[in-house]
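K.L.:
Structure file structure10.cif (mmCIF, N, CA and C atoms) is given on the next line.
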data_work
#
loop_
_atom_site.label_atom_id
_atom_site.label_comp_id
_atom_site.auth_asym_id
_atom_site.auth_seq_id
_atom_site.Cartn_x
_atom_site.Cartn_y
_atom_site.Cartn_z
N MET A 1 16.27 47.11 -0.14
CA MET A 1 15.10 46.47 -0.70
C MET A 1 14.05 47.54 -1.02
N ALA A 2 13.42 47.44 -2.15
CA ALA A 2 12.42 48.41 -2.57
C ALA A 2 11.11 48.19 -1.83
N TRP A 3 10.49 49.27 -1.47
CA TRP A 3 9.21 49.23 -0.77
C TRP A 3 8.13 49.59 -1.78
N THR A 4 7.07 48.79 -1.84
CA THR A 4 5.98 49.03 -2.77
C THR A 4 4.66 48.89 -2.04
N ARG A 5 3.74 49.77 -2.34
CA ARG A 5 2.39 49.67 -1.79
C ARG A 5 1.42 50.10 -2.86
N ARG A 6 0.34 49.34 -3.00
CA ARG A 6 -0.67 49.64 -4.02
C ARG A 6 -2.03 49.63 -3.34
N TRP A 7 -2.82 50.64 -3.61
CA TRP A 7 -4.17 50.73 -3.06
C TRP A 7 -5.18 50.82 -4.19
N ARG A 8 -6.33 50.19 -3.98
CA ARG A 8 -7.46 50.35 -4.89
C ARG A 8 -8.40 51.36 -4.24
N ILE A 9 -8.56 52.51 -4.88
CA ILE A 9 -9.35 53.60 -4.31
C ILE A 9 -10.64 53.72 -5.11
N ASP A 10 -11.77 53.43 -4.45
CA ASP A 10 -13.06 53.48 -5.15
C ASP A 10 -14.08 54.38 -4.45
N SER A 11 -13.61 55.21 -3.52
CA SER A 11 -14.50 56.16 -2.86
C SER A 11 -13.68 57.29 -2.24
N GLN A 12 -14.34 58.37 -1.91
CA GLN A 12 -13.66 59.49 -1.26
C GLN A 12 -13.17 59.07 0.13
N VAL A 13 -13.95 58.23 0.81
CA VAL A 13 -13.55 57.74 2.14
C VAL A 13 -12.24 56.97 2.04
N LYS A 14 -12.15 56.09 1.07
CA LYS A 14 -10.93 55.30 0.88
C LYS A 14 -9.75 56.21 0.53
N LEU A 15 -10.00 57.21 -0.32
CA LEU A 15 -8.94 58.17 -0.67
C LEU A 15 -8.43 58.87 0.58
N SER A 16 -9.34 59.29 1.45
CA SER A 16 -8.94 59.97 2.69
C SER A 16 -8.08 59.06 3.57
N ARG A 17 -8.45 57.79 3.65
CA ARG A 17 -7.67 56.83 4.44
C ARG A 17 -6.27 56.64 3.86
N VAL A 18 -6.21 56.54 2.55
CA VAL A 18 -4.91 56.35 1.88
C VAL A 18 -4.03 57.58 2.11
N LEU A 19 -4.59 58.75 1.96
CA LEU A 19 -3.82 59.98 2.18
C LEU A 19 -3.31 60.05 3.61
N GLY A 20 -4.15 59.61 4.56
CA GLY A 20 -3.71 59.56 5.95
C GLY A 20 -2.55 58.59 6.14
N ALA A 21 -2.64 57.45 5.52
CA ALA A 21 -1.55 56.46 5.61
C ALA A 21 -0.27 57.00 4.99
N LEU A 22 -0.39 57.76 3.93
CA LEU A 22 0.80 58.30 3.27
C LEU A 22 1.52 59.32 4.15
N THR A 23 0.78 60.05 4.96
CA THR A 23 1.43 61.04 5.83
C THR A 23 2.31 60.39 6.88
N ALA A 24 2.10 59.11 7.17
CA ALA A 24 2.90 58.39 8.15
C ALA A 24 4.18 57.80 7.55
N VAL A 25 4.32 57.86 6.24
CA VAL A 25 5.49 57.28 5.57
C VAL A 25 6.72 58.16 5.82
N ARG A 26 7.81 57.54 6.24
CA ARG A 26 9.08 58.25 6.45
C ARG A 26 9.76 58.46 5.10
N VAL A 27 10.17 59.67 4.84
CA VAL A 27 10.82 60.00 3.57
C VAL A 27 12.31 60.17 3.82
N ASN A 28 13.11 59.47 3.03
CA ASN A 28 14.56 59.56 3.10
C ASN A 28 15.02 60.34 1.87
N PRO A 29 15.60 61.53 2.06
CA PRO A 29 16.03 62.33 0.90
C PRO A 29 17.03 61.62 -0.01
N ARG A 30 17.75 60.65 0.53
CA ARG A 30 18.71 59.91 -0.30
C ARG A 30 18.03 58.83 -1.12
N HIS A 31 16.79 58.50 -0.78
CA HIS A 31 16.04 57.48 -1.51
C HIS A 31 14.63 58.01 -1.80
N PRO A 32 14.52 58.94 -2.74
CA PRO A 32 13.21 59.53 -3.03
C PRO A 32 12.22 58.47 -3.53
N MET A 33 10.96 58.76 -3.32
CA MET A 33 9.90 57.85 -3.74
C MET A 33 9.15 58.46 -4.92
N GLU A 34 8.35 57.63 -5.55
CA GLU A 34 7.52 58.06 -6.66
C GLU A 34 6.08 57.69 -6.33
N LEU A 35 5.17 58.61 -6.54
CA LEU A 35 3.75 58.36 -6.32
C LEU A 35 3.05 58.49 -7.66
N VAL A 36 2.36 57.43 -8.09
CA VAL A 36 1.65 57.42 -9.37
C VAL A 36 0.18 57.18 -9.08
N LEU A 37 -0.66 58.02 -9.63
CA LEU A 37 -2.10 57.85 -9.49
C LEU A 37 -2.68 57.73 -10.89
N ARG A 38 -3.38 56.63 -11.16
CA ARG A 38 -3.94 56.40 -12.49
C ARG A 38 -5.21 55.59 -12.36
N GLU A 39 -5.92 55.48 -13.46
CA GLU A 39 -7.09 54.61 -13.46
C GLU A 39 -6.64 53.17 -13.23
N GLU A 40 -7.53 52.40 -12.64
CA GLU A 40 -7.20 51.01 -12.34
C GLU A 40 -6.88 50.24 -13.62
N ARG A 41 -5.85 49.45 -13.54
CA ARG A 41 -5.39 48.65 -14.67
C ARG A 41 -6.36 47.49 -14.90
N LYS A 42 -6.70 47.23 -16.16
CA LYS A 42 -7.52 46.08 -16.52
C LYS A 42 -6.60 45.01 -17.09
N GLU A 43 -6.49 43.91 -16.36
CA GLU A 43 -5.59 42.84 -16.78
C GLU A 43 -6.13 42.10 -17.99
N LYS A 44 -5.22 41.56 -18.77
CA LYS A 44 -5.64 40.76 -19.92
C LYS A 44 -6.39 39.53 -19.43
N THR A 45 -7.20 38.97 -20.30
CA THR A 45 -8.02 37.82 -19.90
C THR A 45 -7.37 36.52 -20.37
N ALA A 46 -7.82 35.43 -19.80
CA ALA A 46 -7.34 34.10 -20.22
C ALA A 46 -7.75 33.84 -21.67
N ASP A 47 -8.92 34.33 -22.07
CA ASP A 47 -9.36 34.17 -23.46
C ASP A 47 -8.42 34.90 -24.42
N GLN A 48 -7.95 36.08 -24.02
CA GLN A 48 -7.00 36.81 -24.87
C GLN A 48 -5.71 36.02 -25.02
N ARG A 49 -5.21 35.50 -23.94
CA ARG A 49 -3.98 34.69 -24.00
C ARG A 49 -4.15 33.49 -24.94
N ARG A 50 -5.26 32.77 -24.74
CA ARG A 50 -5.51 31.59 -25.59
C ARG A 50 -5.58 31.97 -27.06
N LEU A 51 -6.22 33.09 -27.36
CA LEU A 51 -6.37 33.52 -28.75
C LEU A 51 -5.01 33.85 -29.36
N PHE A 52 -4.18 34.59 -28.65
CA PHE A 52 -2.86 34.92 -29.18
C PHE A 52 -2.04 33.65 -29.45
N HIS A 53 -2.08 32.72 -28.51
CA HIS A 53 -1.33 31.46 -28.68
C HIS A 53 -1.91 30.65 -29.85
N ALA A 54 -3.22 30.66 -30.01
CA ALA A 54 -3.85 29.91 -31.12
C ALA A 54 -3.47 30.52 -32.47
N ILE A 55 -3.46 31.84 -32.55
CA ILE A 55 -3.08 32.51 -33.81
C ILE A 55 -1.66 32.10 -34.19
N CYS A 56 -0.75 32.18 -33.23
CA CYS A 56 0.65 31.85 -33.51
C CYS A 56 0.81 30.36 -33.83
N ALA A 57 0.10 29.51 -33.14
CA ALA A 57 0.20 28.06 -33.40
C ALA A 57 -0.32 27.72 -34.79
N GLU A 58 -1.39 28.39 -35.21
CA GLU A 58 -1.95 28.09 -36.54
C GLU A 58 -1.09 28.65 -37.67
N GLY A 59 -0.56 29.84 -37.47
CA GLY A 59 0.22 30.47 -38.54
C GLY A 59 1.66 30.05 -38.63
N ALA A 60 2.24 29.63 -37.52
CA ALA A 60 3.67 29.32 -37.45
C ALA A 60 4.15 28.34 -38.52
N PRO A 61 3.51 27.17 -38.67
CA PRO A 61 4.04 26.22 -39.66
C PRO A 61 3.98 26.76 -41.09
N GLN A 62 3.06 27.66 -41.34
CA GLN A 62 2.91 28.20 -42.69
C GLN A 62 4.00 29.21 -43.05
N VAL A 63 4.73 29.69 -42.03
CA VAL A 63 5.87 30.58 -42.31
C VAL A 63 7.19 29.94 -41.92
N GLY A 64 7.15 28.63 -41.60
CA GLY A 64 8.38 27.88 -41.31
C GLY A 64 8.92 28.10 -39.91
N LEU A 65 8.05 28.42 -38.96
CA LEU A 65 8.48 28.63 -37.58
C LEU A 65 7.74 27.67 -36.65
N THR A 66 8.27 27.51 -35.47
CA THR A 66 7.53 26.82 -34.42
C THR A 66 6.58 27.85 -33.80
N PRO A 67 5.55 27.41 -33.08
CA PRO A 67 4.67 28.38 -32.41
C PRO A 67 5.43 29.33 -31.48
N ALA A 68 6.41 28.82 -30.75
CA ALA A 68 7.20 29.67 -29.85
C ALA A 68 8.00 30.71 -30.63
N GLU A 69 8.58 30.29 -31.76
CA GLU A 69 9.33 31.25 -32.59
C GLU A 69 8.41 32.30 -33.18
N ALA A 70 7.22 31.89 -33.59
CA ALA A 70 6.27 32.85 -34.14
C ALA A 70 5.85 33.86 -33.09
N LYS A 71 5.59 33.40 -31.87
CA LYS A 71 5.22 34.32 -30.79
C LYS A 71 6.34 35.33 -30.56
N GLN A 72 7.58 34.87 -30.53
CA GLN A 72 8.71 35.78 -30.33
C GLN A 72 8.82 36.79 -31.47
N ALA A 73 8.64 36.32 -32.69
CA ALA A 73 8.76 37.22 -33.85
C ALA A 73 7.67 38.29 -33.83
N VAL A 74 6.45 37.88 -33.54
CA VAL A 74 5.34 38.85 -33.49
C VAL A 74 5.58 39.84 -32.36
N LYS A 75 5.96 39.35 -31.18
CA LYS A 75 6.20 40.25 -30.05
C LYS A 75 7.39 41.18 -30.32
N ARG A 76 8.41 40.68 -30.98
CA ARG A 76 9.58 41.51 -31.31
C ARG A 76 9.16 42.67 -32.18
N ASP A 77 8.34 42.40 -33.19
CA ASP A 77 7.90 43.46 -34.09
C ASP A 77 6.90 44.39 -33.41
N PHE A 78 6.06 43.86 -32.54
CA PHE A 78 5.03 44.68 -31.88
C PHE A 78 5.63 45.57 -30.80
N TYR A 79 6.43 44.99 -29.90
CA TYR A 79 6.99 45.73 -28.78
C TYR A 79 8.32 46.40 -29.09
N GLY A 80 9.01 45.90 -30.09
CA GLY A 80 10.39 46.32 -30.31
C GLY A 80 11.31 45.46 -29.46
N TYR A 81 12.57 45.79 -29.45
CA TYR A 81 13.53 45.01 -28.67
C TYR A 81 14.65 45.89 -28.20
N GLU A 82 15.38 45.39 -27.22
CA GLU A 82 16.52 46.09 -26.67
C GLU A 82 17.74 45.21 -26.88
N VAL A 83 18.83 45.80 -27.33
CA VAL A 83 20.06 45.03 -27.52
C VAL A 83 20.95 45.26 -26.30
N ARG A 84 21.35 44.15 -25.69
CA ARG A 84 22.25 44.22 -24.54
C ARG A 84 23.47 43.36 -24.81
N GLU A 85 24.59 43.81 -24.30
CA GLU A 85 25.81 43.04 -24.44
C GLU A 85 26.15 42.44 -23.08
N VAL A 86 26.33 41.12 -23.06
CA VAL A 86 26.68 40.41 -21.84
C VAL A 86 27.87 39.53 -22.14
N HIS A 87 28.95 39.74 -21.42
CA HIS A 87 30.19 38.97 -21.62
C HIS A 87 30.61 38.96 -23.08
N GLY A 88 30.51 40.11 -23.72
CA GLY A 88 30.97 40.23 -25.10
C GLY A 88 30.01 39.69 -26.15
N ARG A 89 28.86 39.21 -25.74
CA ARG A 89 27.87 38.69 -26.70
C ARG A 89 26.65 39.60 -26.71
N ARG A 90 26.11 39.81 -27.91
CA ARG A 90 24.92 40.65 -28.06
C ARG A 90 23.65 39.81 -27.98
N TYR A 91 22.68 40.33 -27.24
CA TYR A 91 21.39 39.68 -27.11
C TYR A 91 20.28 40.66 -27.44
N GLU A 92 19.30 40.22 -28.23
CA GLU A 92 18.11 41.01 -28.49
C GLU A 92 17.05 40.57 -27.50
N LEU A 93 16.65 41.46 -26.62
CA LEU A 93 15.69 41.14 -25.58
C LEU A 93 14.34 41.76 -25.93
N VAL A 94 13.32 40.94 -25.90
CA VAL A 94 11.96 41.36 -26.24
C VAL A 94 11.16 41.47 -24.95
N GLN A 95 10.37 42.54 -24.85
CA GLN A 95 9.51 42.73 -23.69
C GLN A 95 8.56 41.55 -23.54
N SER A 96 8.32 41.16 -22.32
CA SER A 96 7.36 40.08 -22.06
C SER A 96 5.95 40.61 -22.23
N SER A 97 5.08 39.81 -22.80
CA SER A 97 3.67 40.22 -22.92
C SER A 97 2.97 40.15 -21.57
N GLU A 98 3.62 39.58 -20.57
CA GLU A 98 3.04 39.52 -19.22
C GLU A 98 2.79 40.92 -18.67
N ASP A 99 3.57 41.89 -19.11
CA ASP A 99 3.43 43.26 -18.61
C ASP A 99 2.28 44.01 -19.27
N SER A 100 1.68 43.45 -20.31
CA SER A 100 0.63 44.14 -21.05
C SER A 100 -0.71 44.07 -20.33
N ASP A 101 -1.44 45.18 -20.37
CA ASP A 101 -2.80 45.17 -19.83
C ASP A 101 -3.77 44.75 -20.94
N ARG A 102 -5.04 44.74 -20.65
CA ARG A 102 -6.05 44.25 -21.59
C ARG A 102 -6.03 45.00 -22.92
N PRO A 103 -6.04 46.35 -22.92
CA PRO A 103 -6.03 47.05 -24.22
C PRO A 103 -4.75 46.80 -25.04
N GLU A 104 -3.60 46.78 -24.37
CA GLU A 104 -2.35 46.55 -25.12
C GLU A 104 -2.32 45.13 -25.67
N TYR A 105 -2.81 44.16 -24.91
CA TYR A 105 -2.82 42.77 -25.38
C TYR A 105 -3.77 42.62 -26.57
N SER A 106 -4.88 43.37 -26.56
CA SER A 106 -5.77 43.38 -27.73
C SER A 106 -5.02 43.89 -28.95
N GLY A 107 -4.20 44.92 -28.74
CA GLY A 107 -3.37 45.41 -29.84
C GLY A 107 -2.39 44.36 -30.34
N LEU A 108 -1.83 43.58 -29.43
CA LEU A 108 -0.91 42.49 -29.82
C LEU A 108 -1.65 41.45 -30.66
N ILE A 109 -2.87 41.11 -30.27
CA ILE A 109 -3.67 40.15 -31.04
C ILE A 109 -3.96 40.69 -32.43
N ASP A 110 -4.39 41.94 -32.52
CA ASP A 110 -4.64 42.57 -33.82
C ASP A 110 -3.37 42.53 -34.68
N TYR A 111 -2.23 42.84 -34.04
CA TYR A 111 -0.97 42.84 -34.77
C TYR A 111 -0.60 41.44 -35.26
N ALA A 112 -0.89 40.41 -34.47
CA ALA A 112 -0.57 39.04 -34.88
C ALA A 112 -1.34 38.67 -36.15
N TYR A 113 -2.63 39.01 -36.20
CA TYR A 113 -3.39 38.77 -37.42
C TYR A 113 -2.76 39.50 -38.60
N GLN A 114 -2.39 40.75 -38.39
CA GLN A 114 -1.77 41.55 -39.46
C GLN A 114 -0.43 40.96 -39.87
N TRP A 115 0.37 40.55 -38.89
CA TRP A 115 1.70 40.01 -39.15
C TRP A 115 1.62 38.80 -40.07
N PHE A 116 0.69 37.89 -39.76
CA PHE A 116 0.54 36.69 -40.60
C PHE A 116 -0.08 37.05 -41.95
N ALA A 117 -0.99 37.99 -41.99
CA ALA A 117 -1.60 38.41 -43.26
C ALA A 117 -0.53 38.98 -44.20
N GLU A 118 0.39 39.76 -43.64
CA GLU A 118 1.47 40.31 -44.46
C GLU A 118 2.42 39.23 -44.97
N ALA A 119 2.42 38.08 -44.30
CA ALA A 119 3.22 36.93 -44.75
C ALA A 119 2.39 36.02 -45.66
N CYS A 120 1.21 36.53 -46.09
CA CYS A 120 0.30 35.81 -46.98
C CYS A 120 -0.27 34.55 -46.33
N VAL A 121 -0.49 34.61 -45.02
CA VAL A 121 -1.09 33.50 -44.28
C VAL A 121 -2.45 33.96 -43.80
N TYR A 122 -3.48 33.22 -44.19
CA TYR A 122 -4.82 33.56 -43.76
C TYR A 122 -5.16 32.78 -42.49
N ILE A 123 -5.55 33.50 -41.46
CA ILE A 123 -6.00 32.89 -40.22
C ILE A 123 -7.40 33.46 -39.95
N PRO A 124 -8.41 32.59 -39.83
CA PRO A 124 -9.76 33.10 -39.58
C PRO A 124 -9.82 33.94 -38.31
N ASP A 125 -10.54 35.03 -38.37
CA ASP A 125 -10.67 35.94 -37.24
C ASP A 125 -11.58 35.32 -36.18
N ARG A 126 -11.01 35.03 -35.03
CA ARG A 126 -11.76 34.40 -33.93
C ARG A 126 -12.06 35.38 -32.80
N ARG A 127 -11.81 36.68 -33.05
CA ARG A 127 -12.12 37.66 -32.01
C ARG A 127 -13.61 37.77 -31.84
N PRO A 128 -14.07 37.91 -30.59
CA PRO A 128 -15.52 38.06 -30.38
C PRO A 128 -16.02 39.36 -30.99
N MET A 129 -17.20 39.29 -31.54
CA MET A 129 -17.77 40.48 -32.17
C MET A 129 -18.43 41.37 -31.18
#
Kindly present the structure from the file in structure tokens form.

P.N.:
Amino acid sequence: MAWTRRWRIDSQVKLSRVLGALTAVRVNPRHPMELVLREERKEKTADQRRLFHAICAEGAPQVGLTPAEAKQAVKRDFYGYEVREVHGRRYELVQSSEDSDRPEYSGLIDYAYQWFAEACVYIPDRRPM
């Protein structure tokens, strides 16, 4: 079973505590670990989700798709896809937008507007100014 630990470090004191806790971790050479330090992730907002779904729902019928199909098509073009073969059948797998943080999801929204515009579908821009 994989072991995961995540800390929010917002002061030097907290950093010192985390470093102390890390020194107590047992390292197994057969199962190396990875330590990643980065700026705190900003999660996408509920408003961003609603906007993406609204764009796809409004544009979908105008290109002959259901809202769910439009979301998949936009995400496929934005994220790309991976082809996997399972039991002799090929599947195109699209990354879930659940993994996107706030800036990447903003990019997905921008791309959705562009995607429909390129299909000659006008959707009023509802992004906050």

K.L.:
Would you work out the distance separating CA of Glu104 in chain A from atom C of Lys14 in chain A, expressed in Å to one decimal?

P.N.:
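Result for CA of Glu104 in chain A versus atom C of Lys14 in chain A: 28.4 Å, one decimal.
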
K.L.:
So that I can see what lies close to range 43-58 of chain A, please list as a list in words the residues with an atom at most 6.5 Å from it, counting only N, CA and C atoms and leaving out residues fewer than 6 positions away in the same chain.

P.N.:
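My list of contacting residues is Thr66, Pro67, Ala70, Lys71, Ser100, Asp101, Arg102, Pro103, Tyr105 and Ile109 of chain A.
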
K.L.:
Name the residues that the PyMOL selection byres ((chain A and resi 94) around 8) picks from the file above, as a compact mmCIF listing (two decimals) with N, CA and C atoms, in the frame of the given file, using the file's chain letters and numbers.

P.N.:
# COMPACT_ATOMS: atom_id res chain seq x y z
N GLN A 72 7.58 34.87 -30.53
CA GLN A 72 8.71 35.78 -30.33
C GLN A 72 8.82 36.79 -31.47
N LYS A 75 5.96 39.35 -31.18
CA LYS A 75 6.20 40.25 -30.05
C LYS A 75 7.39 41.18 -30.32
N ARG A 76 8.41 40.68 -30.98
CA ARG A 76 9.58 41.51 -31.31
C ARG A 76 9.16 42.67 -32.18
N ASP A 77 8.34 42.40 -33.19
CA ASP A 77 7.90 43.46 -34.09
C ASP A 77 6.90 44.39 -33.41
N TYR A 79 6.43 44.99 -29.90
CA TYR A 79 6.99 45.73 -28.78
C TYR A 79 8.32 46.40 -29.09
N GLY A 80 9.01 45.90 -30.09
CA GLY A 80 10.39 46.32 -30.31
C GLY A 80 11.31 45.46 -29.46
N TYR A 81 12.57 45.79 -29.45
CA TYR A 81 13.53 45.01 -28.67
C TYR A 81 14.65 45.89 -28.20
N GLU A 82 15.38 45.39 -27.22
CA GLU A 82 16.52 46.09 -26.67
C GLU A 82 17.74 45.21 -26.88
N VAL A 83 18.83 45.80 -27.33
CA VAL A 83 20.06 45.03 -27.52
C VAL A 83 20.95 45.26 -26.30
N TYR A 91 22.68 40.33 -27.24
CA TYR A 91 21.39 39.68 -27.11
C TYR A 91 20.28 40.66 -27.44
N GLU A 92 19.30 40.22 -28.23
CA GLU A 92 18.11 41.01 -28.49
C GLU A 92 17.05 40.57 -27.50
N LEU A 93 16.65 41.46 -26.62
CA LEU A 93 15.69 41.14 -25.58
C LEU A 93 14.34 41.76 -25.93
N GLN A 95 10.37 42.54 -24.85
CA GLN A 95 9.51 42.73 -23.69
C GLN A 95 8.56 41.55 -23.54
N SER A 96 8.32 41.16 -22.32
CA SER A 96 7.36 40.08 -22.06
C SER A 96 5.95 40.61 -22.23
N SER A 97 5.08 39.81 -22.80
CA SER A 97 3.67 40.22 -22.92
C SER A 97 2.97 40.15 -21.57

K.L.:
When DSSP works through the backbone of this structure, what residues of chain A end up as strand (DSSP E), shown as a PyMOL selection string?

P.N.:
chain A and resi 81-86+89-94

K.L.:
Name the residues of range 23-110 of chain A that come out as alpha helix (DSSP H) in a backbone DSSP run; write them as JSON, numbers by chain.

P.N.:
{"A": [23, 46, 47, 48, 49, 50, 51, 52, 53, 54, 55, 56, 57, 58, 59, 67, 68, 69, 70, 71, 72, 73, 74, 75, 76, 77, 78, 79, 102, 103, 104, 105, 106, 107, 108, 109, 110]}

K.L.:
From the set A:Arg17, A:Arg38, A:Leu22, A:Val27, which residue has the shortest atom-to-atom contact distance to Arg5 in chain A, counting only C-alpha atoms?

P.N.:
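Checking each of A:Arg17, A:Arg38, A:Leu22, A:Val27 against Arg5 in chain A, counting only C-alpha atoms, the winner is A:Leu22.
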
K.L.:
Please, what distance in Å, to one decimal, runs between atom N of Phe78 in chain A and atom C of Trp115 in chain A?

P.N.:
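We find that atom N of Phe78 in chain A and atom C of Trp115 in chain A lie 10.1 Å from each other.
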
K.L.:
If you measure from atom N of Thr23 in chain A to atom N of Glu39 in chain A, what distance in Å do you get, rounded to one decimal?

P.N.:
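These two atoms are separated by 20.1 Å.
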